[in-house]
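Quick look at protein08.cif (mmCIF, C-alpha atoms (C1' of nucleotides)):
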```cif
data_model
#
loop_
_atom_site.label_atom_id
_atom_site.label_comp_id
_atom_site.auth_asym_id
_atom_site.auth_seq_id
_atom_site.Cartn_x
_atom_site.Cartn_y
_atom_site.Cartn_z
CA MET A 196 135.13 77.02 186.72
CA ILE A 197 133.07 74.12 188.08
CA ARG A 198 129.49 75.26 188.18
CA THR A 199 127.50 74.48 191.29
CA ASN A 200 124.18 75.62 192.73
CA THR A 201 123.69 74.35 196.23
CA ALA A 202 120.79 76.71 196.82
CA PHE A 203 118.66 74.91 194.27
CA LEU A 204 119.76 71.50 195.45
CA ASP A 205 118.83 72.42 199.03
CA PHE A 206 115.48 73.68 197.88
CA LEU A 207 114.70 70.40 196.15
CA ILE A 208 115.77 68.31 199.10
CA LYS A 209 113.84 70.38 201.61
CA ASN A 210 110.71 70.40 199.47
CA SER A 211 110.34 66.74 198.76
CA HIS A 212 106.58 67.14 199.20
CA LEU A 213 106.59 68.78 195.75
CA PHE A 214 107.54 65.45 194.27
CA PRO A 215 105.00 62.82 195.21
CA ALA A 216 105.01 59.32 193.83
CA ASP A 217 108.24 59.01 191.95
CA SER A 218 108.08 62.43 190.35
CA ILE A 219 111.66 62.81 191.41
CA GLN A 220 114.18 60.02 191.23
CA GLU A 221 117.65 59.59 192.52
CA LYS A 222 119.94 57.78 190.17
CA ILE A 223 123.56 56.70 190.04
CA VAL A 224 125.42 57.43 186.82
CA GLU A 225 128.72 55.70 186.26
CA SER A 226 131.77 57.59 185.05
CA GLY A 227 131.77 57.92 181.29
CA CYS A 228 128.01 57.50 180.94
CA LEU A 229 125.95 60.16 179.23
CA ILE A 230 123.12 61.91 181.03
CA ILE A 231 122.20 63.67 177.81
CA THR A 232 123.27 62.76 174.30
CA GLU A 233 123.45 65.23 171.45
CA ARG A 234 120.43 65.72 169.23
CA SER A 235 118.20 63.56 171.34
CA ASN A 236 114.88 64.06 173.05
CA VAL A 237 115.29 65.10 176.65
CA GLN A 238 112.59 63.65 178.85
CA LYS A 239 114.05 64.51 182.22
CA VAL A 240 115.73 67.42 183.86
CA SER A 241 118.68 66.26 185.96
CA ILE A 242 120.23 67.92 188.97
CA ILE A 243 123.65 66.76 190.05
CA LYS A 244 123.70 65.81 193.69
CA SER A 245 127.31 64.70 193.83
CA GLY A 246 130.12 64.08 191.41
CA LEU A 247 131.46 65.91 188.39
CA ALA A 248 130.21 66.06 184.81
CA LYS A 249 131.17 67.78 181.60
CA CYS A 250 128.87 69.43 179.11
CA TYR A 251 130.19 69.50 175.56
CA LEU A 252 129.46 70.00 171.89
CA SER A 253 130.96 67.55 169.43
CA LYS A 254 132.79 69.01 166.50
CA ASP A 255 132.75 67.68 162.96
CA ASP A 256 136.20 66.22 163.39
CA GLY A 257 135.18 64.07 166.35
CA THR A 258 136.74 66.21 169.05
CA ASP A 259 134.67 68.00 171.67
CA PHE A 260 134.39 71.52 172.94
CA ILE A 261 133.58 71.55 176.65
CA LEU A 262 131.13 74.28 177.59
CA GLU A 263 131.07 73.74 181.31
CA PHE A 264 132.03 71.46 184.12
CA PHE A 265 129.08 70.70 186.35
CA GLY A 266 129.25 69.97 190.07
CA PRO A 267 126.64 69.64 192.85
CA GLY A 268 123.45 71.55 192.19
CA ALA A 269 124.09 72.03 188.49
CA VAL A 270 121.01 71.51 186.37
CA VAL A 271 121.10 69.93 182.95
CA GLY A 272 118.44 69.40 180.31
CA GLU A 273 116.29 72.34 181.29
CA ILE A 274 117.10 74.35 178.18
CA GLU A 275 116.10 71.60 175.81
CA MET A 276 112.95 70.99 177.76
CA LEU A 277 111.91 74.60 177.74
CA PHE A 278 112.15 74.66 173.96
CA ASP A 279 110.69 71.22 173.35
CA ASP A 280 113.70 70.78 171.17
CA LEU A 281 116.43 68.23 170.69
CA SER A 282 119.47 68.57 172.90
CA PHE A 283 122.28 70.70 171.53
CA ALA A 284 124.99 69.44 173.81
CA ALA A 285 125.97 66.23 175.58
CA VAL A 286 126.51 65.80 179.30
CA GLU A 287 128.82 63.05 180.51
CA ALA A 288 129.73 61.86 183.98
CA MET A 289 133.43 62.35 184.77
CA ASN A 290 133.20 60.23 187.87
CA THR A 291 130.37 58.41 189.62
CA LEU A 292 127.43 60.75 189.84
CA THR A 293 124.28 60.84 191.87
CA VAL A 294 121.60 62.83 190.11
CA LEU A 295 118.04 63.81 190.87
CA GLN A 296 115.78 63.52 187.87
CA ILE A 297 112.50 65.29 187.37
CA PRO A 298 110.29 64.18 184.47
CA ARG A 299 109.61 66.82 181.89
CA ASP A 300 105.90 67.18 182.69
CA ARG A 301 106.42 67.60 186.40
CA PHE A 302 109.15 70.13 185.77
CA LYS A 303 106.86 72.21 183.57
CA GLU A 304 104.05 71.88 186.09
CA LEU A 305 106.25 73.12 188.91
CA LEU A 306 107.46 75.98 186.79
CA THR A 307 103.92 77.33 186.56
CA GLN A 308 102.66 76.25 189.95
CA ASN A 309 105.45 76.94 192.36
CA ALA A 310 106.78 80.48 192.45
CA THR A 311 109.95 79.61 194.33
CA PHE A 312 110.78 76.83 191.93
CA ASN A 313 110.13 79.18 189.04
CA SER A 314 112.37 81.80 190.49
CA HIS A 315 115.15 79.28 191.06
CA VAL A 316 114.99 78.23 187.43
CA ILE A 317 115.02 81.81 186.19
CA ARG A 318 118.02 82.69 188.29
CA LEU A 319 119.78 79.55 187.24
CA LEU A 320 119.29 80.42 183.59
CA ALA A 321 120.39 83.99 184.14
CA SER A 322 123.48 82.80 185.92
CA LYS A 323 124.33 80.51 183.01
CA VAL A 324 124.08 83.43 180.61
CA LYS A 325 126.23 85.66 182.75
CA TYR A 326 128.83 83.04 183.48
CA LYS A 327 129.15 82.06 179.82
CA ALA A 328 129.50 85.67 178.75
CA ILE A 329 132.29 86.36 181.20
CA ARG A 330 134.13 83.14 180.65
CA PHE A 331 134.11 83.23 176.86
CA SER A 332 135.02 86.88 176.80
CA PHE A 333 138.04 86.18 178.95
CA ASN A 334 138.99 83.09 176.99
CA GLN A 335 138.91 84.79 173.63
CA THR A 336 140.75 87.89 174.68
CA HIS A 337 143.59 86.35 176.64
CA THR A 338 146.42 84.06 175.78
CA LEU A 339 146.48 80.46 176.82
CA GLU A 340 149.09 81.31 179.42
CA GLN A 341 146.88 83.93 181.02
CA ASN A 342 143.88 81.62 180.94
CA LEU A 343 145.76 78.77 182.52
CA ALA A 344 147.37 80.97 185.14
CA LYS A 345 143.97 82.30 186.15
CA MET A 346 142.42 78.85 186.35
CA LEU A 347 145.28 77.48 188.41
CA GLN A 348 145.07 80.42 190.73
CA GLU A 349 141.36 79.91 191.32
CA MET A 350 141.77 76.17 191.59
CA PRO A 351 145.29 74.94 192.37
CA GLU A 352 144.25 71.30 192.35
CA LEU A 353 142.93 71.69 188.80
CA LEU A 354 145.22 69.15 187.19
CA ASP A 355 144.33 66.51 189.73
CA VAL A 356 140.60 66.96 189.27
CA ILE A 357 140.34 67.38 185.53
CA ALA A 358 142.10 65.28 182.92
CA LYS A 359 144.37 67.08 180.51
CA LYS A 360 142.24 65.98 177.61
CA ASP A 361 139.22 67.65 179.15
CA LEU A 362 141.14 70.76 180.01
CA VAL A 363 142.30 70.99 176.44
CA ASN A 364 138.77 70.72 175.12
CA TYR A 365 137.59 73.27 177.65
CA LEU A 366 140.20 75.80 176.60
CA GLY A 367 139.87 75.04 172.91
CA VAL A 368 143.55 74.35 172.33
CA THR A 369 145.68 71.31 171.54
CA GLU A 370 147.38 69.08 174.04
CA ARG A 371 150.73 70.20 172.71
CA SER A 372 149.97 73.80 173.56
CA LEU A 373 148.75 72.94 177.00
CA ASN A 374 151.92 71.00 177.75
CA ARG A 375 154.16 73.77 176.51
CA THR A 376 152.32 76.41 178.48
CA LEU A 377 152.24 74.34 181.64
CA LYS A 378 155.98 73.93 181.39
CA LYS A 379 156.41 77.64 180.86
CA LEU A 380 154.37 78.38 183.97
CA LYS A 381 156.44 75.89 185.93
CA ASP A 382 159.67 77.49 184.77
CA LYS A 383 158.34 80.85 185.83
CA GLY A 384 157.60 79.37 189.21
CA SER A 385 153.95 80.33 189.14
CA ILE A 386 152.87 76.72 189.51
CA MET B 23 124.27 86.66 164.43
CA ILE B 24 121.96 89.56 165.21
CA ARG B 25 119.67 88.44 167.98
CA THR B 26 116.00 89.23 167.65
CA ASN B 27 112.82 88.11 169.38
CA THR B 28 109.76 89.40 167.63
CA ALA B 29 107.48 87.05 169.56
CA PHE B 30 108.22 88.87 172.80
CA LEU B 31 107.98 92.28 171.18
CA ASP B 32 104.58 91.37 169.72
CA PHE B 33 103.42 90.13 173.08
CA LEU B 34 104.33 93.42 174.75
CA ILE B 35 102.66 95.49 172.08
CA LYS B 36 99.49 93.43 172.06
CA ASN B 37 99.25 93.44 175.84
CA SER B 38 99.60 97.11 176.56
CA HIS B 39 96.94 96.70 179.28
CA LEU B 40 99.65 95.07 181.38
CA PHE B 41 101.43 98.41 181.52
CA PRO B 42 99.12 101.05 182.91
CA ALA B 43 100.23 104.56 183.74
CA ASP B 44 103.72 104.82 182.34
CA SER B 45 104.84 101.43 183.49
CA ILE B 46 106.24 101.01 180.01
CA GLN B 47 107.93 103.80 178.12
CA GLU B 48 109.04 104.19 174.57
CA LYS B 49 112.30 105.98 174.20
CA ILE B 50 114.63 107.05 171.41
CA VAL B 51 118.31 106.30 171.92
CA GLU B 52 120.80 108.02 169.64
CA SER B 53 123.61 106.11 168.00
CA GLY B 54 126.58 105.79 170.31
CA CYS B 55 124.55 106.23 173.49
CA LEU B 56 124.63 103.58 176.17
CA ILE B 57 121.48 101.83 177.32
CA ILE B 58 123.45 100.08 180.03
CA THR B 59 126.88 100.98 181.32
CA GLU B 60 129.24 98.51 182.95
CA ARG B 61 129.14 98.04 186.69
CA SER B 62 126.09 100.22 187.16
CA ASN B 63 122.70 99.73 188.72
CA VAL B 64 120.10 98.68 186.20
CA GLN B 65 116.71 100.14 186.97
CA LYS B 66 114.93 99.29 183.77
CA VAL B 67 114.67 96.36 181.44
CA SER B 68 114.84 97.51 177.83
CA ILE B 69 113.40 95.83 174.77
CA ILE B 70 114.64 96.98 171.39
CA LYS B 71 111.79 97.93 169.11
CA SER B 72 113.91 99.02 166.17
CA GLY B 73 117.56 99.63 165.44
CA LEU B 74 120.75 97.78 166.25
CA ALA B 75 122.82 97.64 169.43
CA LYS B 76 125.93 95.90 170.66
CA CYS B 77 126.48 94.28 174.01
CA TYR B 78 130.11 94.20 175.13
CA LEU B 79 132.56 93.72 177.96
CA SER B 80 135.44 96.17 178.24
CA LYS B 81 138.89 94.73 178.58
CA ASP B 82 141.66 96.08 180.76
CA ASP B 83 143.44 97.50 177.73
CA GLY B 84 140.47 99.64 176.74
CA THR B 85 139.28 97.46 173.88
CA ASP B 86 135.95 95.68 173.94
CA PHE B 87 134.74 92.18 173.43
CA ILE B 88 131.33 92.14 171.79
CA LEU B 89 129.08 89.42 173.16
CA GLU B 90 126.08 89.96 170.93
CA PHE B 91 124.46 92.23 168.44
CA PHE B 92 120.88 93.00 169.41
CA GLY B 93 118.05 93.75 166.98
CA PRO B 94 114.27 94.09 167.33
CA GLY B 95 112.81 92.20 170.28
CA ALA B 96 116.13 91.71 172.04
CA VAL B 97 115.92 92.25 175.77
CA VAL B 98 118.68 93.83 177.80
CA GLY B 99 119.13 94.38 181.50
CA GLU B 100 117.01 91.45 182.61
CA ILE B 101 119.95 89.43 183.88
CA GLU B 102 121.22 92.20 186.14
CA MET B 103 117.75 92.81 187.41
CA LEU B 104 117.11 89.20 188.26
CA PHE B 105 120.24 89.14 190.39
CA ASP B 106 119.84 92.59 191.88
CA ASP B 107 123.40 93.02 190.83
CA LEU B 108 125.49 95.54 188.97
CA SER B 109 125.61 95.20 185.22
CA PHE B 110 128.41 93.04 183.88
CA ALA B 111 128.30 94.31 180.32
CA ALA B 112 127.51 97.50 178.43
CA VAL B 113 124.90 97.93 175.73
CA GLU B 114 125.37 100.65 173.15
CA ALA B 115 123.19 101.85 170.29
CA MET B 116 124.85 101.33 166.89
CA ASN B 117 122.25 103.46 165.15
CA THR B 118 119.15 105.29 166.30
CA LEU B 119 117.17 102.98 168.51
CA THR B 120 113.63 102.90 169.76
CA VAL B 121 113.36 100.92 172.97
CA LEU B 122 110.57 99.97 175.32
CA GLN B 123 111.57 100.28 178.93
CA ILE B 124 109.92 98.53 181.83
CA PRO B 125 110.85 99.65 185.35
CA ARG B 126 112.45 97.01 187.49
CA ASP B 127 109.55 96.67 189.92
CA ARG B 128 106.94 96.26 187.24
CA PHE B 129 109.11 93.70 185.48
CA LYS B 130 109.42 91.65 188.64
CA GLU B 131 105.72 91.98 189.31
CA LEU B 132 104.83 90.74 185.86
CA LEU B 133 107.24 87.87 186.23
CA THR B 134 105.25 86.54 189.15
CA GLN B 135 101.79 87.63 188.08
CA ASN B 136 101.61 86.93 184.38
CA ALA B 137 102.32 83.40 183.31
CA THR B 138 102.79 84.24 179.64
CA PHE B 139 105.21 87.01 180.46
CA ASN B 140 107.08 84.67 182.74
CA SER B 141 107.30 82.02 180.10
CA HIS B 142 108.57 84.52 177.55
CA VAL B 143 111.35 85.56 179.91
CA ILE B 144 112.31 81.98 180.63
CA ARG B 145 112.49 81.08 176.99
CA LEU B 146 114.42 84.20 176.24
CA LEU B 147 117.01 83.34 178.87
CA ALA B 148 117.22 79.78 177.68
CA SER B 149 117.73 80.96 174.14
CA LYS B 150 120.56 83.24 175.25
CA VAL B 151 122.28 80.31 176.93
CA LYS B 152 121.90 78.08 173.92
CA TYR B 153 122.95 80.69 171.42
CA LYS B 154 126.03 81.67 173.40
CA ALA B 155 127.07 78.07 173.81
CA ILE B 156 126.87 77.35 170.11
CA ARG B 157 128.45 80.58 168.98
CA PHE B 158 131.44 80.48 171.32
CA SER B 159 132.02 76.85 170.68
CA PHE B 160 132.21 77.51 166.96
CA ASN B 161 134.32 80.61 167.40
CA GLN B 162 136.90 78.94 169.56
CA THR B 163 137.25 75.85 167.48
CA HIS B 164 137.46 77.36 164.02
CA THR B 165 139.88 79.67 162.30
CA LEU B 166 139.04 83.25 161.52
CA GLU B 167 138.59 82.31 157.89
CA GLN B 168 136.02 79.67 158.73
CA ASN B 169 134.21 82.00 161.09
CA LEU B 170 134.06 84.81 158.58
CA ALA B 171 132.98 82.56 155.76
CA LYS B 172 130.13 81.25 157.87
CA MET B 173 129.02 84.72 158.93
CA LEU B 174 129.10 86.04 155.39
CA GLN B 175 127.15 83.08 154.17
CA GLU B 176 124.44 83.61 156.75
CA MET B 177 124.44 87.35 156.22
CA PRO B 178 125.98 88.56 152.96
CA GLU B 179 125.35 92.22 153.76
CA LEU B 180 127.35 91.86 156.96
CA LEU B 181 130.03 94.39 156.11
CA ASP B 182 127.48 97.03 155.24
CA VAL B 183 125.58 96.61 158.47
CA ILE B 184 128.39 96.22 160.97
CA ALA B 185 131.53 98.32 161.14
CA LYS B 186 134.83 96.50 160.83
CA LYS B 187 135.84 97.64 164.27
CA ASP B 188 132.77 96.01 165.76
CA LEU B 189 133.25 92.87 163.73
CA VAL B 190 136.80 92.65 164.98
CA ASN B 191 135.69 92.95 168.60
CA TYR B 192 132.99 90.39 168.02
CA LEU B 193 135.41 87.86 166.60
CA GLY B 194 138.15 88.66 169.09
CA VAL B 195 140.84 89.33 166.51
CA THR B 196 142.76 92.35 165.23
CA GLU B 197 141.76 94.54 162.35
CA ARG B 198 144.84 93.44 160.46
CA SER B 199 143.76 89.83 160.60
CA LEU B 200 140.25 90.65 159.51
CA ASN B 201 141.54 92.56 156.48
CA ARG B 202 143.89 89.81 155.48
CA THR B 203 141.24 87.16 155.80
CA LEU B 204 138.66 89.19 153.92
CA LYS B 205 141.12 89.56 151.09
CA LYS B 206 141.84 85.87 151.10
CA LEU B 207 138.13 85.12 150.86
CA LYS B 208 137.81 87.57 147.99
CA ASP B 209 140.71 85.96 146.14
CA LYS B 210 139.08 82.60 146.61
CA GLY B 211 135.93 84.02 145.11
CA SER B 212 133.79 83.09 148.08
CA ILE B 213 132.83 86.70 148.64
"C1'" DC C 170 162.78 42.06 179.74
"C1'" DG C 171 159.98 43.18 175.83
"C1'" DC C 172 155.76 44.69 174.04
"C1'" DG C 173 151.77 47.80 173.38
"C1'" DT C 174 149.70 51.90 174.67
"C1'" DA C 175 149.58 56.44 176.33
"C1'" DA C 176 151.87 60.75 177.29
"C1'" DT C 177 155.33 64.07 176.07
"C1'" DT C 178 158.46 66.59 173.15
"C1'" DG C 179 160.77 68.62 168.76
"C1'" DA C 180 160.50 70.74 164.35
"C1'" DA C 181 158.09 72.74 160.68
"C1'" DA C 182 153.89 74.92 159.06
"C1'" DA C 183 149.92 77.73 159.71
"C1'" DG C 184 147.54 81.38 161.89
"C1'" DT C 185 147.50 85.72 164.31
"C1'" DA C 186 149.43 90.02 166.54
"C1'" DT C 187 152.24 94.01 166.37
"C1'" DC C 188 153.77 98.02 164.50
"C1'" DA C 189 155.17 100.96 161.13
"C1'" DA C 190 154.57 102.54 156.37
"C1'" DC C 191 151.55 103.70 152.90
"C1'" DA C 192 147.08 105.20 150.66
"C1'" DC C 193 142.66 107.29 150.71
"C1'" DT C 194 139.36 110.91 152.02
"C1'" DG C 195 137.47 115.27 153.14
"C1'" DG C 196 138.25 119.55 154.71
"C1'" DT C 197 141.06 124.19 154.98
"C1'" DG C 198 143.68 127.98 153.56
"C1'" DG C 199 146.75 130.01 150.21
"C1'" DC D 224 142.35 125.06 141.92
"C1'" DC D 225 145.70 122.94 144.32
"C1'" DA D 226 148.89 121.95 148.16
"C1'" DC D 227 148.64 120.64 152.71
"C1'" DC D 228 147.04 118.36 156.72
"C1'" DA D 229 144.57 115.29 159.91
"C1'" DG D 230 142.06 111.42 160.41
"C1'" DT D 231 140.90 106.95 158.89
"C1'" DG D 232 141.58 102.74 156.61
"C1'" DT D 233 144.75 99.35 154.40
"C1'" DT D 234 148.99 96.80 153.62
"C1'" DG D 235 153.86 94.75 154.43
"C1'" DA D 236 157.26 92.74 157.33
"C1'" DT D 237 158.36 90.48 161.31
"C1'" DA D 238 157.64 88.23 165.72
"C1'" DC D 239 154.97 85.44 168.34
"C1'" DT D 240 151.57 81.74 169.32
"C1'" DT D 241 149.35 77.65 168.17
"C1'" DT D 242 148.72 73.53 165.29
"C1'" DT D 243 150.28 69.52 163.04
"C1'" DC D 244 152.51 65.44 162.94
"C1'" DA D 245 156.11 62.53 163.63
"C1'" DA D 246 159.62 60.99 166.96
"C1'" DT D 247 160.64 59.96 171.45
"C1'" DT D 248 159.98 58.80 176.12
"C1'" DA D 249 157.37 56.87 179.95
"C1'" DC D 250 154.42 53.49 181.85
"C1'" DG D 251 151.83 49.14 182.86
"C1'" DC D 252 151.85 44.38 182.49
"C1'" DG D 253 152.41 39.72 180.82
#
```
Using C-alpha cells, write down the structure that the file contains.
Amino acid sequence: MIRTNTAFLDFLIKNSHLFPADSIQEKIVESGCLIITERSNVQKVSIIKSGLAKCYLSKDDGTDFILEFFGPGAVVGEIEMLFDDLSFAAVEAMNTLTVLQIPRDRFKELLTQNATFNSHVIRLLASKVKYKAIRFSFNQTHTLEQNLAKMLQEMPELLDVIAKKDLVNYLGVTERSLNRTLKKLKDKGSI
Amino acid sequence: MIRTNTAFLDFLIKNSHLFPADSIQEKIVESGCLIITERSNVQKVSIIKSGLAKCYLSKDDGTDFILEFFGPGAVVGEIEMLFDDLSFAAVEAMNTLTVLQIPRDRFKELLTQNATFNSHVIRLLASKVKYKAIRFSFNQTHTLEQNLAKMLQEMPELLDVIAKKDLVNYLGVTERSLNRTLKKLKDKGSI
DNA sequence: CGCGTAATTGAAAAGTATCAACACTGGTGG
DNA sequence: CCACCAGTGTTGATACTTTTCAATTACGCG
C-alpha cells in the first residue's frame, strides 16, 4: 500500500550526468510540509529518496481523501506537469523527507531526449493506473473489515507506521468505524 | 463519466502513413464481445473509433466492478502491453464497436520512434491517473444519492445510455439501492 | 492533583445489503 | 383471445454497516 519505485530512483542516481548544473536538487522536507499544494502551479517534479508522504484530495468539508502513500522512488508532480495544469491533489511529508527535484523544463527535455528516462516515466504512469484500479476496486467492493484485514496482513506494522487519522482518510471511513473494526479483528484474534 | 480522447483518434487517422501494411486494423466488435479478457496476454492495443465499452474487474463472487466506460478515442490494452504482463481487467463492448488495433510490436516501435505518438500515450496515461483519482475520491466520500445526482447532472440521458446493471457495478452498490435512490431523486424533483 | 487536549466508546440515526414478494412484459399453446 | 409461464425489473421488510455526535476515558504536563 506504500508505493515505491526503486528502479527509477536508482536510474536517477546512476545517471547524474543527465543533470548538469543544478538541474536536479536534493532537498529536505520536514514532516507536515507540503511538496505540492492543491490547485497550484507545479514547477518541479519530485522523487522521494527517503521518508514517507501522503497524496490527498481535500473535500468540501475540510477532510481529506488519501489517494496514496508514497515511499522511496515515488514520483510526484509529473501528472500536473505533463498537462501544464494546476495540481489536483496535495502531497505532504509524513516524516522528514529527502526528495530529488527536477525542474519542469529539464524533465520535459529528458522525456524527449532520453529514451530510458521516457520509458521509466511511461511505466511509472502505467503502474499508477493499474495500482489505482485494483486498489479502488477492492476498496469499493469489500467491507471495511476485509479491507483492514488485507492491509494488516500485507503490512503488520501498519498501525505503527501510519496514523489512524491517515488510515481513516485512506479508507474513506470515520475514525469510529476504524476503531470498532480494529476491535472486532482483535477479538477474532486475527490481529 | 464516459472517457473519450478524440485528439488521439484524430492523430491516428491523420497519420495513417505511420501504419503501413496492416500494422493498424479496423475491426467491428459486436455488443457483448470482449476486446480484452482478464488474465490474458494482450497482443494488440485497441482504440475505440465508435461505440461504447466497459472496463471491469471481476470479483470472486462473479459480479463485476466497472472501472470506466470507454467511448471514441479511448485506448485499451496499453497498460498491459507496457508491462509485458497479463491483463488485469476485461473490456467488453456495450454496443457494436469499431476499433482500431495496433499490434504490440508496432505500438512499442512507435512509442520510441515517433515523438508525437509518445507524447499522446504519456498524456493519455496521465489523464487516466488523474481521472481515476478524482472519480474514486468522490465516489468513496459521498453517498449514493450525491453520486447519482452528480452523474445525472453531468449526463441527463445517463439511464438511457447505460443499463442499470452496469451503473450498479460502476457505483459499487446493489440494484435495490440504485432503485431506491433514483426514486428519492424523482420525489425530490431533481430528476 | 487538576486541567486541557486527544483518543475512545455508546447510542441513535442514516445509509446500504439481503432476500423474498410482487408486477410487468413478451411469448406460447389451448 | 386469453390463460399461463418464464424472465426481467421493481418494491417492501428486515438486518447489517457506517455515520453522527455526545459522553467518557486516557494522557501529558504544569
Each residue of chain D lying at most 10 Å from chain A should get a row with its shortest atom-to-atom pair and the distance in Å to one decimal, counting all atoms listed in the file; could you produce that, ordered by chain and increasing number, as a Markdown table?
```
| residue | atom | partner | partner_atom | distance |
| --- | --- | --- | --- | --- |
| D:DT240 | C1' | A:Thr338 | CA | 8.6 |
| D:DT241 | C1' | A:Ser372 | CA | 6.7 |
| D:DT242 | C1' | A:Thr369 | CA | 7.3 |
| D:DT243 | C1' | A:Arg371 | CA | 9.7 |
```
Can you turn the PyMOL selection byres ((chain C) within 10 of (chain B)) into a concrete residue list for this file, as number ranges by chain? C: 184-187
At a cut-off of 8 Å, can you tabulate as a tab-separated table every residue of chain A near chain B together with its closest atom pair and the distance in Å to one decimal, using only C-alpha atoms and ordering rows by chain then number?
```
residue	atom	partner	partner_atom	distance
A:Leu252	CA	B:Ser159	CA	7.4
A:Phe260	CA	B:Ser159	CA	6.3
A:Leu262	CA	B:Ala155	CA	6.7
A:Ile274	CA	B:Ala148	CA	5.5
A:Leu277	CA	B:Arg145	CA	6.5
A:Phe278	CA	B:Arg145	CA	7.1
A:Phe283	CA	B:Lys152	CA	7.8
A:Thr307	CA	B:Ala137	CA	7.1
A:Ala310	CA	B:Thr134	CA	7.1
A:Ile317	CA	B:Ile144	CA	6.2
A:Arg318	CA	B:Leu104	CA	6.6
A:Leu320	CA	B:Leu147	CA	6.0
A:Ala321	CA	B:Ile101	CA	5.5
A:Ser322	CA	B:Ile101	CA	7.8
A:Lys323	CA	B:Val151	CA	6.4
A:Val324	CA	B:Val151	CA	5.1
A:Lys325	CA	B:Ile101	CA	7.4
A:Lys327	CA	B:Lys154	CA	7.1
A:Ala328	CA	B:Leu89	CA	6.7
A:Phe331	CA	B:Phe158	CA	6.7
A:Ser332	CA	B:Phe87	CA	6.3
A:Gln335	CA	B:Gly194	CA	6.0
A:Thr336	CA	B:Gly194	CA	6.2
A:Gly367	CA	B:Gln162	CA	5.9
```
Would you kindly return, as a ChimeraX atom specification, each protein, DNA or RNA residue with an atom no farther than 12 Å from any atom of Glu225 in chain A, considering all atoms listed in the file and excluding same-chain residues fewer than 3 positions away? /A:222,228-230,245-248,287-294
Take CA of Leu213 in chain A and CA of Asp280 in chain A and report the distance between them in Å, one decimal. 25.7 Å
Pull out every residue that the PyMOL selection byres ((chain D and resi 237) around 12) matches in the shown coordinates and put them as a list in words. DA186, DT187, DC188 and DA189 of chain C; DG235, DA236, DA238 and DC239 of chain D
For a test of reading the model, state the distance in Å between CA of Lys359 in chain A and CA of Gln168 in chain B, rounded to one decimal.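 Distance reported for this atom pair: 26.5 Å.
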Name every residue that the PyMOL selection byres ((chain C and resi 192) around 9) selects in this structure, writing the answer as a list of chain:residue names with chains first and numbers rising.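 Going through the file, the PyMOL selection byres ((chain C and resi 192) around 9) ends up selecting C:DC191, C:DC193, D:DG232, D:DT233.
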Name the residues in contact with range 175-181 of chain C at a cut-off of 8 Å, using only C-alpha atoms (C1' of nucleotides), excluding same-chain residues fewer than 6 positions from it; report them as a PyMOL selection string. (chain A and resi 374) or (chain D and resi 246-250)
